[in-house]
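*Asks:* Sharing a structure with you now.
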Amino acid sequence: MLRFALTRIGMALPTLLIVAVSVFILIRLIPGDPAQLLLGDLADPAALQDMRERMGLNLSWAEQFFIWFGDLLHGDLGQSISTGQSVLPLVWGRFLVSAQVVASAVLLATLVAVPLGMIAAWRQNGSLDLVLVGAATLLVSIPTFWLGLLLLLFFGLKLSWLPVVGYVSFSQDAWAAALYLVMPIMTLFLHEIGVLMRMARASALEVLRLDYVTHARAKGLSERAVLMHHVFKNAFGPTWTLIGLVLGNLLGGIAVVETVFTIPGLGRLLVDSIFARDYPVIQGCLLFVAVIYVVVNLVIDLLYPIFDPRVTAE
């Protein structure tokens, strides 16, 4: 297991290096001058030149990259151009906010989608299967920002059950924080439940056609025992892999939901930093998302043998 983990980490390092180089180059291809944005359109050329020198923008791209990468190896992601804050604590604080929404949504979607997917496979081509597949397809087809706006309109404005926009930390008021997170979590939950349900159904259908399932039924086992002890363990593997991909994708692409509900998470920080041409924060956010994505998929691979005994970490 240790050797497998070290091998996967070693394979991830070149990926992170490629991500770092790509992020650095792509950010500098974005039109706009950070110094101009900070000083305004009426700033004189001397002040602009002085600001660029203080920000290191007068150096070549290669010099800027090696300075940034050297600091990165020491755990220093730089300072925000807009606010002067250290990037690493800023990104980490925003990540914790996003993680609350994403982890809760994925957990709830998994607990609901996997059983429903197995039931749909068990009742293949029946009325229940058609209803579940249709609902899953509908939920996948609705964009998350539109789904979020519908929830805001119905539960926030029409029924006034939940606060419309904003965010409260759990350290300030746990109950208020939970209320503010209900609709963002439900938005991601409803979208991802369709994705996971379809994968669970497809995996369960494949397992249900295997000979050992027929043999288990021939021995007189109940359908519940067949599904729980023979189908679930072997069908959950592909779904488990998809859960890791969904978790990584949501952490990187939650900006839309955070913008709709004005949540100060990692995605919202990335969008604001792009508009402000805040190079250190953009680089820090994207690199942090890449690291989280690699770590999540590493954990998924390490836990895979638990859910599928046929797979080992040798």
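Numbering starts fresh at 1 for the residues of each chain in the structure tokens, the chains themselves are lettered A, B, ... in the order given, and ligands are numbered from 1 as they appear.
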Which residues of stretch 72-122 of chain A come within 7 Å of stretch 233-252 of chain A, and for each one, what is the closest pair of atoms and their distance in Å to one decimal, counting only C-alpha atoms, sorted by chain and residue number, as JSON lines?
*Replies:*
{"residue": "A:Ser98", "atom": "CA", "partner": "A:Leu251", "partner_atom": "CA", "distance": 6.9}
{"residue": "A:Val102", "atom": "CA", "partner": "A:Leu250", "partner_atom": "CA", "distance": 6.4}
{"residue": "A:Val106", "atom": "CA", "partner": "A:Leu247", "partner_atom": "CA", "distance": 6.8}
*Asks:* Can you list, as an mmCIF file with N, CA and C atoms, in the first residue's frame, every protein, DNA or RNA residue that comes within 10 Å of A:Ser141 when you count only C-alpha atoms, leaving out same-chain residues fewer than 6 positions away?
*Replies:*
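Result written to part32.cif:
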data_model
loop_
_atom_site.group_PDB
_atom_site.id
_atom_site.type_symbol
_atom_site.label_atom_id
_atom_site.label_comp_id
_atom_site.auth_asym_id
_atom_site.auth_seq_id
_atom_site.Cartn_x
_atom_site.Cartn_y
_atom_site.Cartn_z
ATOM 1 N N ALA A 135 -35.998 11.449 -14.360
ATOM 2 C CA ALA A 135 -35.668 12.483 -13.377
ATOM 3 C C ALA A 135 -34.166 12.767 -13.373
ATOM 4 N N HIS A 191 -28.129 18.453 -8.905
ATOM 5 C CA HIS A 191 -27.437 18.262 -10.186
ATOM 6 C C HIS A 191 -26.631 16.968 -10.186
ATOM 7 N N GLY A 194 -28.241 13.242 -10.361
ATOM 8 C CA GLY A 194 -28.525 12.684 -11.673
ATOM 9 C C GLY A 194 -27.322 11.987 -12.271
ATOM 10 N N VAL A 195 -26.145 12.599 -12.136
ATOM 11 C CA VAL A 195 -24.920 12.006 -12.668
ATOM 12 C C VAL A 195 -24.615 10.684 -11.982
#
*Asks:* Which stretch 57-167 of chain A residues have any atom within 9 Å of an atom of stretch 202-221 of chain A, and for each, what is the nearest pair of atoms with distance in Å to one decimal, counting only C-alpha atoms, rows sorted by chain and number, as a tab-separated table?
*Replies:*
residue	atom	partner	partner_atom	distance
A:Gly117	CA	A:Ala204	CA	7.5
A:Met118	CA	A:Ala204	CA	5.8
A:Ile119	CA	A:Ala204	CA	8.9
A:Ala120	CA	A:Ala204	CA	8.9
A:Ala121	CA	A:Leu205	CA	5.3
A:Trp122	CA	A:Leu205	CA	7.5
A:Gln124	CA	A:Leu205	CA	8.1
*Asks:* Let's see if you can do this: from backbone DSSP, list all alpha helix (DSSP H) residues in stretch 26-233 of chain A, as a PyMOL selection string.
*Replies:* chain A and resi 26-28+34-39+45-55+61-73+87-122+127-141+144-151+174-208+211-218+223-226+232-233
*Asks:* Rank nothing, just name the residue among A:Leu303, A:Val295, A:Ala276, A:Leu286 nearest to A:Val23, using only C-alpha atoms.
*Replies:*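 Among the listed residues, A:Leu286 lies closest to A:Val23.
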*Asks:* May I ask which of the residues A:Ala47, A:Ile142, A:Leu128, A:Val182 is the closest one to A:Leu108, counting only C-alpha atoms?
*Replies:* A:Val182
*Asks:* Mind checking which residues fall within 7 Å of stretch 257-272 of chain A, counting only C-alpha atoms, ignoring those fewer than 2 positions away in the same chain, and posting them as a count of residues only?
*Replies:* 21
*Asks:* To one decimal place, how far is atom CA of A:Ala174 from atom CA of A:Val256 in Å?
*Replies:*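 That distance, rounded to one decimal, is 24.4 Å.
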*Asks:* Which residues are close to A:Leu190, i.e. within 8 Å by only C-alpha atoms, leaving aside same-chain residues fewer than 3 positions away? Reply as a list of chain:residue names.
*Replies:*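 Within the cut-off, the hits are A:Ala109, A:Leu139, A:Met186, A:Thr187, A:Ile193, A:Gly194.
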*Asks:* With C-alpha atoms kept, could you save the residues just selected as a PDB file, in the first residue's frame?
*Replies:*
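Output below, filename selection28.pdb:
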ATOM      1  CA  ALA A 109     -25.985  12.800  -3.542  1.00  0.00           C
ATOM      2  CA  LEU A 139     -31.561  17.092 -13.314  1.00  0.00           C
ATOM      3  CA  MET A 186     -29.286  21.551  -2.644  1.00  0.00           C
ATOM      4  CA  THR A 187     -28.312  23.057  -5.999  1.00  0.00           C
ATOM      5  CA  ILE A 193     -27.628  13.105  -8.013  1.00  0.00           C
ATOM      6  CA  GLY A 194     -28.525  12.684 -11.673  1.00  0.00           C
TER       7      GLY A 194
END
*Asks:* Between atom CA of A:Leu96 and atom CA of A:Ala113, what is the spacing in Å?
*Replies:*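 So the answer is 25.1 Å.
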*Asks:* Could you name the residues that touch A:Ser169 at 10 Å or less, counting only C-alpha atoms, but leaving out those on the same chain fewer than 4 positions away, as an mmCIF file with all heavy atoms, in the first residue's frame?
*Replies:*
data_model
loop_
_atom_site.group_PDB
_atom_site.id
_atom_site.type_symbol
_atom_site.label_atom_id
_atom_site.label_comp_id
_atom_site.auth_asym_id
_atom_site.auth_seq_id
_atom_site.Cartn_x
_atom_site.Cartn_y
_atom_site.Cartn_z
ATOM 1 N N VAL A 97 -14.569 27.187 3.014
ATOM 2 C CA VAL A 97 -15.963 27.562 2.761
ATOM 3 C C VAL A 97 -16.530 26.725 1.615
ATOM 4 O O VAL A 97 -17.634 26.163 1.717
ATOM 5 C CB VAL A 97 -16.064 29.065 2.440
ATOM 6 C CG1 VAL A 97 -17.503 29.433 2.073
ATOM 7 C CG2 VAL A 97 -15.588 29.892 3.624
ATOM 8 N N ASP A 173 -22.445 31.813 14.056
ATOM 9 C CA ASP A 173 -23.812 31.343 14.351
ATOM 10 C C ASP A 173 -24.040 30.070 13.542
ATOM 11 O O ASP A 173 -24.263 30.132 12.325
ATOM 12 C CB ASP A 173 -24.831 32.427 13.973
ATOM 13 C CG ASP A 173 -26.241 32.078 14.451
ATOM 14 O OD1 ASP A 173 -26.525 30.887 14.668
ATOM 15 O OD2 ASP A 173 -27.052 33.010 14.615
ATOM 16 N N ALA A 174 -24.004 28.926 14.194
ATOM 17 C CA ALA A 174 -24.091 27.645 13.488
ATOM 18 C C ALA A 174 -25.430 27.481 12.779
ATOM 19 O O ALA A 174 -25.488 27.001 11.641
ATOM 20 C CB ALA A 174 -23.861 26.492 14.467
ATOM 21 N N TRP A 175 -26.520 27.870 13.430
ATOM 22 C CA TRP A 175 -27.840 27.706 12.829
ATOM 23 C C TRP A 175 -28.008 28.597 11.608
ATOM 24 O O TRP A 175 -28.501 28.151 10.554
ATOM 25 C CB TRP A 175 -28.926 28.002 13.849
ATOM 26 C CG TRP A 175 -30.320 27.931 13.308
ATOM 27 C CD1 TRP A 175 -31.186 28.966 13.124
ATOM 28 C CD2 TRP A 175 -31.005 26.755 12.850
ATOM 29 N NE1 TRP A 175 -32.376 28.513 12.599
ATOM 30 C CE2 TRP A 175 -32.296 27.165 12.413
ATOM 31 C CE3 TRP A 175 -30.649 25.412 12.767
ATOM 32 C CZ2 TRP A 175 -33.218 26.265 11.903
ATOM 33 C CZ3 TRP A 175 -31.579 24.513 12.251
ATOM 34 C CH2 TRP A 175 -32.832 24.942 11.831
ATOM 35 N N ALA A 176 -27.611 29.848 11.725
ATOM 36 C CA ALA A 176 -27.708 30.765 10.582
ATOM 37 C C ALA A 176 -26.807 30.303 9.440
ATOM 38 O O ALA A 176 -27.184 30.379 8.260
ATOM 39 C CB ALA A 176 -27.340 32.184 11.009
ATOM 40 N N ALA A 177 -25.609 29.805 9.771
ATOM 41 C CA ALA A 177 -24.694 29.312 8.742
ATOM 42 C C ALA A 177 -25.308 28.148 7.981
ATOM 43 O O ALA A 177 -25.205 28.059 6.754
ATOM 44 C CB ALA A 177 -23.374 28.899 9.390
ATOM 45 N N ALA A 178 -25.961 27.242 8.715
ATOM 46 C CA ALA A 178 -26.602 26.094 8.072
ATOM 47 C C ALA A 178 -27.733 26.546 7.140
ATOM 48 O O ALA A 178 -27.890 26.014 6.034
ATOM 49 C CB ALA A 178 -27.130 25.133 9.127
ATOM 50 N N TYR A 180 -27.984 29.401 5.535
ATOM 51 C CA TYR A 180 -27.423 30.039 4.345
ATOM 52 C C TYR A 180 -26.847 29.018 3.360
ATOM 53 O O TYR A 180 -26.761 29.301 2.158
ATOM 54 C CB TYR A 180 -26.325 31.027 4.745
ATOM 55 C CG TYR A 180 -26.846 32.400 5.099
ATOM 56 C CD1 TYR A 180 -26.924 32.815 6.427
ATOM 57 C CD2 TYR A 180 -27.266 33.288 4.106
ATOM 58 C CE1 TYR A 180 -27.404 34.079 6.763
ATOM 59 C CE2 TYR A 180 -27.738 34.549 4.438
ATOM 60 C CZ TYR A 180 -27.807 34.929 5.758
ATOM 61 O OH TYR A 180 -28.290 36.181 6.082
#
*Asks:* Using only C-alpha atoms, I'd like a table of the residues in stretch 233-296 of chain A that come within 12 Å of stretch 64-78 of chain A; for each, show the closest atom pair and its distance in Å rounded to one decimal, ordered by chain and ascending number, as a Markdown table.
*Replies:*
| residue | atom | partner | partner_atom | distance |
| --- | --- | --- | --- | --- |
| A:Asp278 | CA | A:Gly78 | CA | 10.9 |
| A:Tyr279 | CA | A:Gly78 | CA | 9.5 |
| A:Pro280 | CA | A:Gly78 | CA | 5.9 |
| A:Val281 | CA | A:Leu77 | CA | 8.0 |
| A:Ile282 | CA | A:Leu77 | CA | 10.2 |
| A:Gln283 | CA | A:Leu77 | CA | 8.1 |
| A:Gly284 | CA | A:Leu77 | CA | 6.1 |
| A:Cys285 | CA | A:Leu77 | CA | 9.7 |
| A:Leu286 | CA | A:Leu77 | CA | 11.5 |
| A:Leu287 | CA | A:Leu77 | CA | 9.7 |
| A:Phe288 | CA | A:Leu77 | CA | 10.0 |
*Asks:* Choose the residue, out of A:Arg277, A:Ile292, A:Asp301, A:Ser127, that has the smallest atom-to-atom separation from A:Leu26; count only C-alpha atoms.
*Replies:*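 Of A:Arg277, A:Ile292, A:Asp301, A:Ser127, the one nearest A:Leu26, counting only C-alpha atoms, is A:Arg277.
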*Asks:* Which distance in Å separates atom CA of A:Phe24 and atom CA of A:Leu90, to one decimal?
*Replies:*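 Between these atoms lies a distance of 19.0 Å.
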